[in-house]
Each structure stands twice: as C-alpha cells, then as structure tokens.
$ cat start-v8.cif   # mmCIF, N, CA, C and O atoms
data_entry
#
loop_
_atom_site.label_atom_id
_atom_site.label_comp_id
_atom_site.auth_asym_id
_atom_site.auth_seq_id
_atom_site.Cartn_x
_atom_site.Cartn_y
_atom_site.Cartn_z
N MET A 1 -188.68 35.28 23.69
CA MET A 1 -187.66 34.77 22.79
C MET A 1 -186.30 35.21 23.32
O MET A 1 -186.16 36.29 23.89
N GLN A 2 -185.30 34.33 23.14
CA GLN A 2 -183.95 34.63 23.60
C GLN A 2 -182.94 34.30 22.52
O GLN A 2 -183.17 33.44 21.67
N LEU A 3 -181.82 35.00 22.57
CA LEU A 3 -180.69 34.69 21.71
C LEU A 3 -179.65 34.03 22.59
O LEU A 3 -179.14 34.64 23.53
N LEU A 4 -179.38 32.75 22.31
CA LEU A 4 -178.39 32.00 23.08
C LEU A 4 -177.03 32.12 22.39
O LEU A 4 -176.94 32.02 21.16
N PHE A 5 -176.00 32.33 23.18
CA PHE A 5 -174.63 32.42 22.69
C PHE A 5 -173.81 31.32 23.36
O PHE A 5 -173.90 31.15 24.58
N LEU A 6 -173.03 30.61 22.59
CA LEU A 6 -172.06 29.66 23.12
C LEU A 6 -170.70 30.04 22.55
O LEU A 6 -170.51 30.05 21.33
N VAL A 7 -169.77 30.38 23.43
CA VAL A 7 -168.40 30.70 23.04
C VAL A 7 -167.56 29.51 23.48
O VAL A 7 -167.56 29.14 24.65
N ILE A 8 -166.88 28.90 22.51
CA ILE A 8 -166.17 27.66 22.81
C ILE A 8 -164.83 27.61 22.08
O ILE A 8 -164.73 28.03 20.93
N LYS A 9 -163.80 27.11 22.78
CA LYS A 9 -162.48 26.95 22.17
C LYS A 9 -162.36 25.60 21.48
O LYS A 9 -161.57 25.44 20.57
N ARG A 10 -163.13 24.63 21.93
CA ARG A 10 -163.04 23.27 21.37
C ARG A 10 -163.83 23.22 20.06
O ARG A 10 -164.93 22.69 19.98
N VAL A 11 -163.21 23.77 19.02
CA VAL A 11 -163.88 23.91 17.73
C VAL A 11 -164.26 22.58 17.11
O VAL A 11 -165.17 22.52 16.28
N GLU A 12 -163.61 21.51 17.52
CA GLU A 12 -163.93 20.19 16.99
C GLU A 12 -165.33 19.73 17.39
O GLU A 12 -165.88 18.80 16.80
N LEU A 13 -165.94 20.41 18.37
CA LEU A 13 -167.29 20.04 18.83
C LEU A 13 -168.41 20.78 18.10
O LEU A 13 -169.58 20.44 18.27
N VAL A 14 -168.07 21.76 17.31
CA VAL A 14 -169.08 22.64 16.71
C VAL A 14 -170.10 21.86 15.86
O VAL A 14 -171.30 22.04 16.01
N ASP A 15 -169.63 20.99 14.98
CA ASP A 15 -170.56 20.24 14.14
C ASP A 15 -171.48 19.37 14.98
O ASP A 15 -172.68 19.28 14.70
N GLU A 16 -170.92 18.74 16.01
CA GLU A 16 -171.73 17.90 16.90
C GLU A 16 -172.78 18.73 17.65
O GLU A 16 -173.90 18.29 17.85
N ILE A 17 -172.38 19.91 18.08
CA ILE A 17 -173.30 20.80 18.80
C ILE A 17 -174.44 21.21 17.87
O ILE A 17 -175.62 21.17 18.25
N MET A 18 -174.11 21.60 16.65
CA MET A 18 -175.14 22.01 15.69
C MET A 18 -176.09 20.84 15.40
O MET A 18 -177.30 21.03 15.31
N LYS A 19 -175.54 19.64 15.26
CA LYS A 19 -176.37 18.46 15.01
C LYS A 19 -177.28 18.19 16.21
O LYS A 19 -178.46 17.90 16.05
N SER A 20 -176.75 18.32 17.40
CA SER A 20 -177.53 18.09 18.61
C SER A 20 -178.68 19.10 18.73
O SER A 20 -179.80 18.75 19.10
N LEU A 21 -178.40 20.36 18.41
CA LEU A 21 -179.45 21.38 18.41
C LEU A 21 -180.54 21.06 17.39
O LEU A 21 -181.72 21.14 17.68
N ALA A 22 -180.13 20.65 16.19
CA ALA A 22 -181.09 20.32 15.15
C ALA A 22 -181.96 19.13 15.57
O ALA A 22 -183.18 19.14 15.38
N GLN A 23 -181.34 18.13 16.18
CA GLN A 23 -182.10 16.96 16.65
C GLN A 23 -183.08 17.33 17.75
O GLN A 23 -184.10 16.67 17.93
N ALA A 24 -182.77 18.39 18.48
CA ALA A 24 -183.66 18.86 19.55
C ALA A 24 -184.75 19.79 19.02
O ALA A 24 -185.54 20.33 19.79
N GLY A 25 -184.77 20.00 17.71
CA GLY A 25 -185.79 20.86 17.10
C GLY A 25 -185.42 22.32 17.05
O GLY A 25 -186.25 23.17 16.73
N ILE A 26 -184.18 22.64 17.32
CA ILE A 26 -183.70 24.03 17.28
C ILE A 26 -183.13 24.28 15.89
O ILE A 26 -182.25 23.56 15.43
N ARG A 27 -183.60 25.31 15.22
CA ARG A 27 -183.17 25.60 13.85
C ARG A 27 -182.60 27.02 13.77
O ARG A 27 -182.90 27.87 14.59
N GLY A 28 -181.78 27.25 12.75
CA GLY A 28 -181.34 28.60 12.44
C GLY A 28 -180.13 29.09 13.20
O GLY A 28 -179.90 30.28 13.28
N GLY A 29 -179.32 28.20 13.75
CA GLY A 29 -178.11 28.63 14.44
C GLY A 29 -177.06 29.12 13.46
O GLY A 29 -177.03 28.74 12.30
N THR A 30 -176.19 29.98 13.95
CA THR A 30 -175.09 30.52 13.16
C THR A 30 -173.81 30.36 13.96
O THR A 30 -173.80 30.51 15.18
N CYS A 31 -172.71 30.08 13.27
CA CYS A 31 -171.42 29.92 13.92
C CYS A 31 -170.42 30.85 13.26
O CYS A 31 -170.34 30.91 12.03
N ILE A 32 -169.68 31.58 14.08
CA ILE A 32 -168.65 32.49 13.56
C ILE A 32 -167.33 32.25 14.30
O ILE A 32 -167.31 31.73 15.42
N ASP A 33 -166.22 32.60 13.64
CA ASP A 33 -164.91 32.54 14.29
C ASP A 33 -164.83 33.62 15.35
O ASP A 33 -165.41 34.70 15.19
N SER A 34 -164.11 33.33 16.42
CA SER A 34 -163.94 34.34 17.46
C SER A 34 -162.56 34.18 18.10
O SER A 34 -161.97 33.11 18.06
N VAL A 35 -162.07 35.27 18.65
CA VAL A 35 -160.79 35.29 19.32
C VAL A 35 -161.00 35.93 20.68
O VAL A 35 -161.61 36.99 20.79
N GLY A 36 -160.50 35.28 21.72
CA GLY A 36 -160.68 35.79 23.07
C GLY A 36 -159.82 37.01 23.37
O GLY A 36 -158.87 37.33 22.65
N MET A 37 -160.17 37.68 24.44
CA MET A 37 -159.49 38.90 24.84
C MET A 37 -158.01 38.66 25.14
O MET A 37 -157.15 39.44 24.74
N ALA A 38 -157.70 37.55 25.82
CA ALA A 38 -156.31 37.26 26.17
C ALA A 38 -155.45 37.11 24.92
O ALA A 38 -154.33 37.60 24.87
N LYS A 39 -155.98 36.45 23.89
CA LYS A 39 -155.24 36.27 22.65
C LYS A 39 -155.03 37.62 21.95
O LYS A 39 -153.96 37.90 21.44
N SER A 40 -156.05 38.45 21.96
CA SER A 40 -155.95 39.76 21.31
C SER A 40 -154.90 40.62 21.99
O SER A 40 -154.09 41.27 21.33
N ILE A 41 -154.90 40.64 23.30
CA ILE A 41 -153.96 41.47 24.06
C ILE A 41 -152.54 40.95 23.92
O ILE A 41 -151.60 41.73 23.81
N SER A 42 -152.36 39.63 23.88
CA SER A 42 -151.01 39.07 23.83
C SER A 42 -150.28 39.43 22.54
O SER A 42 -149.06 39.43 22.50
N GLY A 43 -151.02 39.76 21.49
CA GLY A 43 -150.40 40.12 20.22
C GLY A 43 -150.04 41.59 20.10
O GLY A 43 -149.48 42.01 19.10
N MET A 44 -150.38 42.38 21.11
CA MET A 44 -150.13 43.81 21.03
C MET A 44 -148.68 44.14 21.37
O MET A 44 -148.12 43.61 22.31
N ASP A 45 -148.11 45.00 20.58
CA ASP A 45 -146.76 45.50 20.82
C ASP A 45 -146.78 47.01 20.58
O ASP A 45 -147.69 47.53 19.96
N ASN A 46 -145.74 47.67 21.06
CA ASN A 46 -145.65 49.12 20.83
C ASN A 46 -145.50 49.44 19.35
O ASN A 46 -145.94 50.47 18.89
N LEU A 47 -144.84 48.56 18.61
CA LEU A 47 -144.65 48.77 17.18
C LEU A 47 -145.59 47.84 16.42
O LEU A 47 -145.42 46.62 16.47
N PRO A 48 -146.57 48.38 15.71
CA PRO A 48 -147.55 47.54 15.02
C PRO A 48 -146.93 46.52 14.07
O PRO A 48 -147.44 45.43 13.91
N MET A 49 -145.81 46.85 13.44
CA MET A 49 -145.20 45.94 12.47
C MET A 49 -144.67 44.68 13.14
O MET A 49 -144.57 43.63 12.51
N ILE A 50 -144.32 44.75 14.42
CA ILE A 50 -143.80 43.57 15.12
C ILE A 50 -144.86 42.47 15.13
O ILE A 50 -144.58 41.31 14.85
N GLY A 51 -146.10 42.85 15.43
CA GLY A 51 -147.19 41.87 15.43
C GLY A 51 -147.43 41.29 14.05
O GLY A 51 -147.68 40.09 13.91
N VAL A 52 -147.36 42.11 13.02
CA VAL A 52 -147.55 41.64 11.64
C VAL A 52 -146.44 40.66 11.28
O VAL A 52 -146.69 39.59 10.73
N LEU A 53 -145.19 41.04 11.56
CA LEU A 53 -144.06 40.16 11.25
C LEU A 53 -144.17 38.85 12.01
O LEU A 53 -143.89 37.78 11.46
N ARG A 54 -144.56 38.90 13.26
CA ARG A 54 -144.70 37.69 14.07
C ARG A 54 -145.72 36.74 13.44
O ARG A 54 -145.49 35.55 13.33
N SER A 55 -146.86 37.28 13.00
CA SER A 55 -147.89 36.42 12.41
C SER A 55 -147.43 35.84 11.08
O SER A 55 -147.77 34.71 10.74
N ILE A 56 -146.65 36.59 10.32
CA ILE A 56 -146.14 36.07 9.04
C ILE A 56 -145.13 34.95 9.29
O ILE A 56 -145.18 33.90 8.65
N LEU A 57 -144.22 35.17 10.22
CA LEU A 57 -143.17 34.19 10.49
C LEU A 57 -143.70 32.95 11.20
O LEU A 57 -143.27 31.84 10.92
N ASN A 58 -144.62 33.14 12.12
CA ASN A 58 -145.13 32.01 12.91
C ASN A 58 -146.36 31.37 12.29
O ASN A 58 -146.74 30.28 12.68
N GLY A 59 -147.01 32.04 11.38
CA GLY A 59 -148.27 31.54 10.84
C GLY A 59 -149.39 31.84 11.81
O GLY A 59 -149.16 32.22 12.96
N GLU A 60 -150.60 31.71 11.33
CA GLU A 60 -151.76 31.95 12.20
C GLU A 60 -151.83 30.86 13.25
O GLU A 60 -151.63 29.69 12.97
N ASP A 61 -152.14 31.22 14.46
CA ASP A 61 -152.25 30.28 15.56
C ASP A 61 -153.70 29.87 15.73
O ASP A 61 -154.41 30.37 16.58
N ASP A 62 -154.15 28.94 14.89
CA ASP A 62 -155.55 28.51 14.91
C ASP A 62 -155.93 27.86 16.23
O ASP A 62 -157.10 27.82 16.59
N ALA A 63 -154.93 27.31 16.94
CA ALA A 63 -155.23 26.66 18.22
C ALA A 63 -155.78 27.66 19.23
O ALA A 63 -156.45 27.27 20.17
N GLN A 64 -155.49 28.94 19.06
CA GLN A 64 -155.94 29.96 19.99
C GLN A 64 -157.28 30.57 19.60
O GLN A 64 -157.80 31.41 20.30
N LYS A 65 -157.83 30.15 18.46
CA LYS A 65 -159.09 30.70 18.01
C LYS A 65 -160.23 29.84 18.52
O LYS A 65 -160.05 28.67 18.84
N GLY A 66 -161.39 30.42 18.57
CA GLY A 66 -162.56 29.69 19.01
C GLY A 66 -163.71 29.93 18.07
O GLY A 66 -163.54 30.48 16.98
N LYS A 67 -164.86 29.50 18.48
CA LYS A 67 -166.08 29.68 17.71
C LYS A 67 -167.15 30.24 18.64
O LYS A 67 -167.17 29.98 19.84
N THR A 68 -168.04 31.01 18.06
CA THR A 68 -169.21 31.50 18.77
C THR A 68 -170.43 31.06 17.98
O THR A 68 -170.55 31.37 16.80
N ILE A 69 -171.28 30.30 18.65
CA ILE A 69 -172.55 29.86 18.07
C ILE A 69 -173.64 30.72 18.67
O ILE A 69 -173.65 30.95 19.89
N PHE A 70 -174.54 31.23 17.83
CA PHE A 70 -175.70 31.91 18.37
C PHE A 70 -176.95 31.45 17.65
O PHE A 70 -176.92 31.14 16.47
N VAL A 71 -178.02 31.36 18.43
CA VAL A 71 -179.28 30.85 17.90
C VAL A 71 -180.44 31.48 18.67
O VAL A 71 -180.39 31.62 19.89
N ALA A 72 -181.45 31.90 17.93
CA ALA A 72 -182.66 32.46 18.54
C ALA A 72 -183.62 31.31 18.85
O ALA A 72 -183.86 30.45 18.00
N VAL A 73 -184.14 31.30 20.07
CA VAL A 73 -185.08 30.25 20.49
C VAL A 73 -186.25 30.88 21.23
O VAL A 73 -186.13 31.95 21.84
N GLN A 74 -187.37 30.21 21.16
CA GLN A 74 -188.52 30.60 21.97
C GLN A 74 -188.18 30.34 23.43
O GLN A 74 -187.35 29.47 23.75
N ASP A 75 -188.80 31.08 24.35
CA ASP A 75 -188.49 30.92 25.77
C ASP A 75 -188.65 29.47 26.23
O ASP A 75 -187.85 28.98 27.03
N GLU A 76 -189.66 28.78 25.71
CA GLU A 76 -189.89 27.40 26.14
C GLU A 76 -188.86 26.43 25.55
O GLU A 76 -188.79 25.27 25.96
N GLN A 77 -188.01 26.87 24.62
CA GLN A 77 -186.98 26.03 24.03
C GLN A 77 -185.62 26.20 24.71
O GLN A 77 -184.69 25.45 24.41
N VAL A 78 -185.49 27.14 25.62
CA VAL A 78 -184.19 27.44 26.22
C VAL A 78 -183.60 26.22 26.92
O VAL A 78 -182.44 25.86 26.68
N ASP A 79 -184.37 25.56 27.76
CA ASP A 79 -183.85 24.41 28.50
C ASP A 79 -183.48 23.26 27.56
O ASP A 79 -182.48 22.58 27.76
N VAL A 80 -184.27 23.06 26.51
CA VAL A 80 -183.98 22.02 25.52
C VAL A 80 -182.67 22.33 24.81
O VAL A 80 -181.82 21.45 24.62
N ALA A 81 -182.48 23.58 24.42
CA ALA A 81 -181.26 23.99 23.73
C ALA A 81 -180.05 23.86 24.65
O ALA A 81 -178.99 23.37 24.23
N LYS A 82 -180.18 24.29 25.89
CA LYS A 82 -179.08 24.17 26.86
C LYS A 82 -178.68 22.71 27.03
O LYS A 82 -177.49 22.38 27.03
N LYS A 83 -179.65 21.83 27.16
CA LYS A 83 -179.35 20.41 27.32
C LYS A 83 -178.65 19.86 26.08
O LYS A 83 -177.67 19.10 26.20
N ALA A 84 -179.13 20.23 24.90
CA ALA A 84 -178.51 19.76 23.66
C ALA A 84 -177.04 20.18 23.58
O ALA A 84 -176.19 19.42 23.11
N ILE A 85 -176.75 21.37 24.05
CA ILE A 85 -175.37 21.88 24.03
C ILE A 85 -174.52 21.19 25.08
O ILE A 85 -173.44 20.67 24.79
N ILE A 86 -175.01 21.13 26.30
CA ILE A 86 -174.22 20.57 27.41
C ILE A 86 -174.02 19.07 27.25
O ILE A 86 -173.01 18.52 27.70
N ASP A 87 -174.96 18.39 26.59
CA ASP A 87 -174.75 16.96 26.30
C ASP A 87 -173.49 16.75 25.47
O ASP A 87 -172.85 15.71 25.56
N ILE A 88 -173.13 17.72 24.65
CA ILE A 88 -171.93 17.61 23.81
C ILE A 88 -170.71 18.21 24.50
O ILE A 88 -169.64 17.61 24.51
N THR A 89 -170.85 19.39 25.09
CA THR A 89 -169.69 20.08 25.67
C THR A 89 -169.28 19.53 27.02
O THR A 89 -168.13 19.65 27.42
N GLY A 90 -170.23 18.97 27.73
CA GLY A 90 -169.97 18.59 29.11
C GLY A 90 -170.14 19.81 30.00
O GLY A 90 -170.65 20.85 29.58
N ASP A 91 -169.70 19.69 31.23
CA ASP A 91 -169.85 20.72 32.25
C ASP A 91 -169.12 22.01 31.85
O ASP A 91 -167.90 22.03 31.74
N LEU A 92 -169.87 23.07 31.65
CA LEU A 92 -169.27 24.34 31.25
C LEU A 92 -168.65 25.11 32.41
O LEU A 92 -168.01 26.14 32.19
N SER A 93 -168.82 24.62 33.63
CA SER A 93 -168.18 25.30 34.77
C SER A 93 -166.70 24.94 34.89
O SER A 93 -165.97 25.57 35.64
N VAL A 94 -166.25 23.94 34.12
CA VAL A 94 -164.84 23.58 34.09
C VAL A 94 -164.08 24.71 33.38
O VAL A 94 -164.55 25.22 32.35
N PRO A 95 -162.92 25.13 33.91
CA PRO A 95 -162.18 26.22 33.27
C PRO A 95 -161.92 25.96 31.78
O PRO A 95 -161.58 24.85 31.38
N ASN A 96 -162.11 26.99 30.99
CA ASN A 96 -161.88 26.98 29.54
C ASN A 96 -162.81 26.04 28.76
O ASN A 96 -162.54 25.75 27.59
N ALA A 97 -163.88 25.57 29.37
CA ALA A 97 -164.81 24.67 28.67
C ALA A 97 -165.70 25.45 27.71
O ALA A 97 -166.11 24.92 26.68
N GLY A 98 -166.01 26.67 28.05
CA GLY A 98 -166.88 27.48 27.21
C GLY A 98 -167.79 28.34 28.05
O GLY A 98 -167.82 28.23 29.28
N VAL A 99 -168.53 29.19 27.38
CA VAL A 99 -169.47 30.09 28.06
C VAL A 99 -170.78 30.04 27.28
O VAL A 99 -170.79 30.17 26.06
N LEU A 100 -171.88 29.83 28.00
CA LEU A 100 -173.20 29.80 27.41
C LEU A 100 -174.07 30.81 28.14
O LEU A 100 -174.12 30.81 29.37
N PHE A 101 -174.71 31.70 27.38
CA PHE A 101 -175.60 32.67 28.01
C PHE A 101 -176.70 33.06 27.04
O PHE A 101 -176.59 32.86 25.83
N GLY A 102 -177.79 33.58 27.59
CA GLY A 102 -178.91 34.02 26.79
C GLY A 102 -179.20 35.49 27.00
O GLY A 102 -178.98 36.03 28.08
N VAL A 103 -179.70 36.12 25.95
CA VAL A 103 -180.06 37.54 25.98
C VAL A 103 -181.49 37.65 25.45
O VAL A 103 -181.80 37.10 24.39
N PRO A 104 -182.35 38.34 26.19
CA PRO A 104 -183.73 38.50 25.69
C PRO A 104 -183.75 39.24 24.36
O PRO A 104 -183.00 40.18 24.14
N ILE A 105 -184.62 38.79 23.47
CA ILE A 105 -184.82 39.46 22.19
C ILE A 105 -186.08 40.31 22.32
O ILE A 105 -187.15 39.79 22.62
N THR A 106 -185.93 41.60 22.12
CA THR A 106 -187.09 42.50 22.25
C THR A 106 -187.91 42.57 20.96
O THR A 106 -189.07 42.90 21.00
N PHE A 107 -187.27 42.28 19.82
CA PHE A 107 -188.01 42.18 18.56
C PHE A 107 -187.18 41.34 17.60
O PHE A 107 -185.97 41.18 17.77
N ALA A 108 -187.84 40.78 16.61
CA ALA A 108 -187.14 40.00 15.59
C ALA A 108 -187.93 40.02 14.31
O ALA A 108 -189.16 39.94 14.34
N GLU A 109 -187.25 40.15 13.20
CA GLU A 109 -187.86 40.04 11.88
C GLU A 109 -187.13 38.97 11.10
O GLU A 109 -185.94 38.79 11.27
N GLY A 110 -187.84 38.24 10.29
CA GLY A 110 -187.22 37.21 9.47
C GLY A 110 -187.05 35.89 10.18
O GLY A 110 -186.38 35.00 9.66
N ILE A 111 -187.60 35.75 11.38
CA ILE A 111 -187.56 34.49 12.11
C ILE A 111 -188.92 33.85 12.03
O ILE A 111 -189.92 34.48 12.38
N ASN A 112 -188.96 32.61 11.59
CA ASN A 112 -190.27 31.92 11.49
C ASN A 112 -190.66 31.30 12.80
O ASN A 112 -189.96 30.72 13.49
#
$ encode --input "start-v8.cif" --output "structure tokens"
Amino acid sequence: MQLLFLVIKRVELVDEIMKSLAQAGIRGGTCIDSVGMAKSISGMDNLPMIGVLRSILNGEDDAQKGKTIFVAVQDEQVDVAKKAIIDITGDLSVPNAGVLFGVPITFAEGIN
C-alpha cells in the first residue's frame, strides 16, 4: 500500500483530479490547502508586524496558494492513480506543474 501525494498550484484542477481518481476506482482522497516554501520565506521580515500589516493591507494572496491531495492506494492501483492524475494535470515535468510522489504505508487502520 502507498500514500500518493500531489502538490499542485493549479487549484482549478482539483475537482477534476478528484473526479478522475473516483472514475478510476480510487476512493478516499483528501485535499488540503498548502503554501510552498518560496511563498513562506518571501513573507518573512525582521519585524513580525510588517508581515501582518502587509497581509492586512494587500489581502491574502490566494494566487500563491496551492493544494495537496493525498490518497492511500493498493500497490496495484498506483499506475492507475498516476494515469488518472496526469490525464488531468498533463506533464508534471514542466516547471511549476506540480509534484506527484508515493510513500510506502507500513500500517493503516480505518482503510477498507
């Protein structure tokens, strides 16, 4: 069993990706908001209040936020899940297209 992670900036694709996974028989995916390292570092200043004031005056920069989808799959489902994702995202080797990787699951409870 593996836990697949997809980190993507193109948040408009998330619903399509989830639908594609479901159509491929993959169930139980979760999507969370995420912010990349470059965005986190760019907001740092020597004075913490400067960053707070900047966010209040400029508003939240949602364009710089992304999404992280993760889903547990059986080993034999990995290729199916990858195809379902790449069919929507396109080539992930293109800069800033996204990152997809899997991590072995050594144990799991609550997964059918």
$ resolve_selection --input "start-v8.cif" --expression "the PyMOL selection byres ((chain A and resi 71-80) around 7)" --output "PyMOL selection string"
chain A and resi 1-6+20-21+24+26-30+69-70+81-85
$ axis_aligned_box --input "start-v8.cif" --around "segment 6-23 of chain A" --padding-each-side "8 Å" --output "JSON"
{"center_x": -172.8, "center_y": 23.7, "center_z": 19.4, "size_x": 38.5, "size_y": 30.0, "size_z": 26.5}
$ residues_around --input "start-v8.cif" --residues "Leu13 of chain A" --least-positions-apart "2" --cutoff "12 Å" --atoms "only C-alpha atoms" --output "list in words"
Leu6, Val7, Ile8, Lys9, Arg10, Val11, Asp15, Glu16, Ile17, Met18, Lys19, Ser20, Cys31, Gly66, Lys67, Thr68, Ile69, Ile85, Ile86, Asp87, Ile88, Thr89, Gly90, Ala97 and Gly98 of chain A
